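J.: Below you'll find the structure I mean.
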Amino acid sequence: MSRSLSSGLRSLRTAAFGADPAGERLARIHRSPNFADGSFQNPEGARTRPTGSSLEFAKIYFRKEERARRAPAGTVPVHSTTLADLAAPPADGLRITWMGHSSVLAEIDGQRVLFDPVWGERCSPFSWVGPKRLHPVPVPLAALGPVDVVVISHDHYDHLDMPTIQALAGTDTVFAVPLGVGAHLERWGVPADRLRELDWNESAKVAGLTLTATPARHFCGRGLRNFQHTLWASWVVTGSEHRVYHSGDTGYFAGFRDIGAEHGPFDVTMIQIGAYSEFWPDIHMTPEEGVRAHLDLQGGRPEGVLLPIHWGTFNLAPHPWSAPGEGTVSAAESAGAKIALPVPGEPFEPASDSVPAEPWWRGVAIEPEGGWTPSGTVAAATEGVEAAARALGAAGSEGTEGTGEPETARVG
C-alpha cells in the first residue's frame, strides 16, 4: 500500500474506531490459550464472513416488500415510568430492565450491572450513516443513576458505543471487558484502574459480585481490517443470592452446556435471538437455537426466565422485524420454557408472578401471512431466512470477502 493511501486510511480512523492493543496488553493476548495463528479462535469452527453471493444478499436485503417487513409499521412502545419503577429496590433482590437491543440493567443483590449499554442514535463510527435506532432510549443515561459495573460483551458498534462509554467514564463505575477491549476504553477516557479485562473463564470480583467471562462463538472488529485482536465473550454475574447470564452475540455451540454445568442454573438468561441469517449461521443464533441454549445453560431443564435480546432496536438482518419475538414465543412454548417479553424500559422481577408475557410487537408490526397464530409463528420467524437459503442454493458460491461483506455482519 502506498504511503499516501495508508496515511489517508489512518486519517479516516477517528476516535470511534477505538485503539489497537499494544504493549503488555498485546503480550497478554499473545499468551492467551484462546489466541493462535495471529487471532483469537472460536470454541467451535465458525465462518465469520458472510457465506454466499453478495449480489444475492443485496437482492434479498433491498427487495421492497421485505424491506418493509424489516421495520416496525408503527411506533415501537417504550415503557413510560421506568425511573419511577426503579426507585424502590426489587422485592426478591433481582430485577431486570431491557433497554433495547442487548442493553440490559440488572439489579442483583443490591448492586447494579449494565450490560452492553448503547445509548447512541446509530450503531456506527459515524453520526450520519449506519443502522439507526428504531425507538428512543427508555431512560436518559444521565438519569439512570449510579452503576456499579458496566459489562461489555465485544467491540462491535451495536454493543460498544463510544459516546455512551465516554459518558460513563465520568462516573465511578468499573468496566468488565473481554481481553483486548480495554484498549478502546482507555482511548475514550476510562482509567486503567477501573478496567477488569478478562480472558475466557477468568473472573473478577466487584462490589460483592463475581463476574466471569465465558466463551461465545462470534468475532470482533471495528475497522475495515479485522485482526481478531480483541476477544468476544458471554458473561456470568453471580451475587450472594442470584446469578444471571448474558450471551452477548454468539452462534449456537456445545459450550453452553459446560457453562451451565459450571455456573448455572440461572435466575435469568439474556439470550441473543435476533439479527440471524443463513448468510452468517455460525455467529448469531436463531430464536430456536436461543431457546436451546437457554435449556443447555439450565442443565436441560426449563428453569429460570429467558429474556430475548439483540432485536427490536436496530435493523441488522434480512428477517422481518417481528420474527425474533415470534420465533422465541413459538420455540419457548414447544420447550415449556418461561420467557419475559417486556417493552423497552419495562422492569420485571423474575421471581414475580407478573413477568411480562404479551407479544407487544404485534400491534406495531406487519402481520405475517397466516396471521399471529401459534402455528404461524415459526413460519414468521423463518420467512426471511428461507428466502436467503433459496438464494444461496441458486448462487452456489461461498466465502464472500473484502468489500462484499455486508455492514450487518460487522455491527452485529
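Ligands are numbered from 1 in the order shown, residues from 1 within each chain, and chains are lettered A, B, ... in the order they appear in the C-alpha cells.
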Check the DSSP output for the backbone and give back, as a ChimeraX atom specification, the residues of region 90-274 of chain A in strand (DSSP E or B).
T.: /A:94-100,103-108,111-115,122,132,149-151,174-178,195-198,203-206,209-214,234-238,243-246,268-272
J.: Which polymer residues have any atom within 10 Å of an atom of Pro21 (chain A), counting only C-alpha atoms, with same-chain residues fewer than 3 positions away left out, as an NGL selection string?
T.: :A and (18 or 24-29 or 179-184 or 229-230)
J.: Show which residues sit within 8 Å of Pro265 (chain A), as JSON, numbers by chain. Count only C-alpha atoms, and ignore same-chain residues fewer than 5 positions away.
T.: {"A": [243, 260, 297, 298, 299, 303, 304]}
J.: Keeping all heavy atoms, export the residues of the selection given above as an mmCIF file, in the first residue's frame.
T.:
```cif
data_model
loop_
_atom_site.group_PDB
_atom_site.id
_atom_site.type_symbol
_atom_site.label_atom_id
_atom_site.label_comp_id
_atom_site.auth_asym_id
_atom_site.auth_seq_id
_atom_site.Cartn_x
_atom_site.Cartn_y
_atom_site.Cartn_z
ATOM 1 N N ARG A 243 -27.962 -15.349 40.268
ATOM 2 C CA ARG A 243 -26.976 -15.403 39.196
ATOM 3 C C ARG A 243 -27.679 -15.221 37.855
ATOM 4 O O ARG A 243 -28.787 -15.719 37.639
ATOM 5 C CB ARG A 243 -26.171 -16.695 39.228
ATOM 6 C CG ARG A 243 -26.977 -17.975 39.110
ATOM 7 C CD ARG A 243 -26.081 -19.184 39.331
ATOM 8 N NE ARG A 243 -25.490 -19.167 40.671
ATOM 9 C CZ ARG A 243 -24.300 -19.685 40.955
ATOM 10 N NH1 ARG A 243 -23.574 -20.256 40.003
ATOM 11 N NH2 ARG A 243 -23.848 -19.646 42.198
ATOM 12 N N GLY A 260 -23.321 -23.868 31.741
ATOM 13 C CA GLY A 260 -24.401 -24.145 32.674
ATOM 14 C C GLY A 260 -23.978 -25.076 33.788
ATOM 15 O O GLY A 260 -24.341 -24.876 34.954
ATOM 16 N N LEU A 297 -28.012 -24.133 29.244
ATOM 17 C CA LEU A 297 -27.480 -23.384 30.381
ATOM 18 C C LEU A 297 -28.161 -23.752 31.690
ATOM 19 O O LEU A 297 -27.590 -23.584 32.772
ATOM 20 C CB LEU A 297 -27.647 -21.883 30.125
ATOM 21 C CG LEU A 297 -26.755 -21.291 29.027
ATOM 22 C CD1 LEU A 297 -27.328 -19.965 28.533
ATOM 23 C CD2 LEU A 297 -25.331 -21.090 29.535
ATOM 24 N N GLN A 298 -29.390 -24.264 31.588
ATOM 25 C CA GLN A 298 -30.159 -24.640 32.779
ATOM 26 C C GLN A 298 -30.111 -26.142 33.035
ATOM 27 O O GLN A 298 -30.990 -26.683 33.715
ATOM 28 C CB GLN A 298 -31.614 -24.174 32.630
ATOM 29 C CG GLN A 298 -31.786 -22.693 32.331
ATOM 30 C CD GLN A 298 -31.426 -21.804 33.520
ATOM 31 O OE1 GLN A 298 -30.416 -22.007 34.184
ATOM 32 N NE2 GLN A 298 -32.256 -20.810 33.798
ATOM 33 N N GLY A 299 -29.098 -26.797 32.499
ATOM 34 C CA GLY A 299 -28.954 -28.225 32.739
ATOM 35 C C GLY A 299 -29.996 -29.069 32.058
ATOM 36 O O GLY A 299 -30.307 -30.180 32.512
ATOM 37 N N GLU A 303 -35.872 -24.138 33.460
ATOM 38 C CA GLU A 303 -35.880 -23.362 34.691
ATOM 39 C C GLU A 303 -35.550 -21.907 34.396
ATOM 40 O O GLU A 303 -35.060 -21.562 33.329
ATOM 41 C CB GLU A 303 -34.859 -23.935 35.691
ATOM 42 C CG GLU A 303 -35.164 -25.341 36.145
ATOM 43 C CD GLU A 303 -34.144 -25.852 37.152
ATOM 44 O OE1 GLU A 303 -33.132 -25.163 37.373
ATOM 45 O OE2 GLU A 303 -34.375 -26.941 37.703
ATOM 46 N N GLY A 304 -35.798 -21.042 35.380
ATOM 47 C CA GLY A 304 -35.470 -19.638 35.229
ATOM 48 C C GLY A 304 -36.297 -18.965 34.141
ATOM 49 O O GLY A 304 -37.284 -19.511 33.642
#
```
J.: Could you name the residues that touch Phe115 (chain A) at 8 Å or less, counting only C-alpha atoms, but leaving out those on the same chain fewer than 2 positions away, as a list in words?
T.: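 The contact residues come out as Ser102, Ser103, Val104, Leu105, Ala106, Val113, Pro117, Val150, Val151, Ile152, Ser153 and His246 of chain A.
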J.: Listing only residues of region 163-182 of chain A within 12 Å of region 128-141 of chain A, what is the closest atom pair and its distance in Å (to one decimal) for each, using only C-alpha atoms, sorted by chain and residue number ascending, as CSV?
T.:
```
residue,atom,partner,partner_atom,distance
A:Pro163,CA,A:Leu141,CA,10.7
A:Thr164,CA,A:Leu141,CA,8.0
A:Ile165,CA,A:Leu141,CA,10.5
A:Gln166,CA,A:Leu141,CA,11.4
A:Ala167,CA,A:Leu141,CA,8.1
A:Leu168,CA,A:Leu141,CA,8.5
A:Thr171,CA,A:Leu141,CA,11.4
```
J.: Could you give me, as a ChimeraX atom specification, the residues within 7 Å of region 310-318 of chain A, counting only C-alpha atoms and dropping anything in the same chain fewer than 5 positions from it?
T.: /A:61,70-71,100-102,131-135,272-277,324,384,408
J.: Since we have the selection now, will you write its residues out, keeping C-alpha atoms, as an mmCIF file, in the first residue's frame?
T.:
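Okay, result.cif is ready:
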```
data_model
loop_
_atom_site.group_PDB
_atom_site.id
_atom_site.type_symbol
_atom_site.label_atom_id
_atom_site.label_comp_id
_atom_site.auth_asym_id
_atom_site.auth_seq_id
_atom_site.Cartn_x
_atom_site.Cartn_y
_atom_site.Cartn_z
ATOM 1 C CA TYR A 61 -31.898 -7.162 1.594
ATOM 2 C CA ARG A 70 -37.794 -5.386 8.428
ATOM 3 C CA ALA A 71 -39.048 -2.256 10.175
ATOM 4 C CA GLY A 100 -33.464 -2.342 23.870
ATOM 5 C CA HIS A 101 -31.154 -4.450 21.696
ATOM 6 C CA SER A 102 -28.567 -6.025 24.056
ATOM 7 C CA PRO A 131 -28.216 1.408 11.333
ATOM 8 C CA LYS A 132 -30.434 3.899 13.123
ATOM 9 C CA ARG A 133 -32.356 3.354 16.326
ATOM 10 C CA LEU A 134 -35.998 2.286 15.803
ATOM 11 C CA HIS A 135 -37.177 3.541 19.176
ATOM 12 C CA GLN A 272 -29.348 -13.199 21.580
ATOM 13 C CA ILE A 273 -32.185 -14.263 19.262
ATOM 14 C CA GLY A 274 -32.109 -11.560 16.558
ATOM 15 C CA ALA A 275 -30.061 -10.487 13.513
ATOM 16 C CA TYR A 276 -29.655 -14.094 12.398
ATOM 17 C CA SER A 277 -29.359 -15.217 8.789
ATOM 18 C CA PRO A 324 -37.232 -12.842 16.558
ATOM 19 C CA GLY A 384 -36.648 -14.008 5.568
ATOM 20 C CA THR A 408 -24.752 -6.179 9.285
#
```
J.: Quick one: residues within 10 Å of Val206 (chain A), only C-alpha atoms, excluding same-chain residues fewer than 3 positions away - as a list in words?
T.: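 Residues meeting the cut-off are Gln111, Asp148, Val149, Thr173, Val174, Phe175, Ala176, Arg196, Ser203, Leu209, Thr210 and Leu211 of chain A.
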J.: Take the selection from the previous step and output its residues with C-alpha atoms, as a PDB file, in the first residue's frame.
T.:
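Result file follows (again-v2.pdb):
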```
ATOM      1  CA  GLN A 111     -25.711  -3.902  43.025  1.00  0.00           C
ATOM      2  CA  ASP A 148     -21.537  -0.443  39.891  1.00  0.00           C
ATOM      3  CA  VAL A 149     -20.311  -2.385  36.845  1.00  0.00           C
ATOM      4  CA  THR A 173     -18.297   2.630  37.573  1.00  0.00           C
ATOM      5  CA  VAL A 174     -15.964  -0.301  36.903  1.00  0.00           C
ATOM      6  CA  PHE A 175     -15.831  -1.778  33.385  1.00  0.00           C
ATOM      7  CA  ALA A 176     -15.605  -5.550  32.865  1.00  0.00           C
ATOM      8  CA  ARG A 196     -11.267  -5.551  34.618  1.00  0.00           C
ATOM      9  CA  SER A 203     -13.263 -13.894  36.958  1.00  0.00           C
ATOM     10  CA  LEU A 209     -20.375  -9.631  42.643  1.00  0.00           C
ATOM     11  CA  THR A 210     -18.335 -12.230  40.758  1.00  0.00           C
ATOM     12  CA  LEU A 211     -18.101 -11.516  37.036  1.00  0.00           C
TER      13      LEU A 211
END
```
J.: What does the distance from CA of Ala323 (chain A) to CA of Pro43 (chain A) come to in Å, to one decimal?
T.: 27.9 Å
J.: What's the 12 Å shell around Ala84 (chain A), counting only C-alpha atoms, without same-chain residues fewer than 2 positions away, as a list in words?
T.: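 The neighbour list is His79, Ser80, Thr81, Thr82, Leu86, Ala87, Ala88, Pro89, Val139, Ala143, Leu144, Gly345, Glu346 and Pro347 of chain A.
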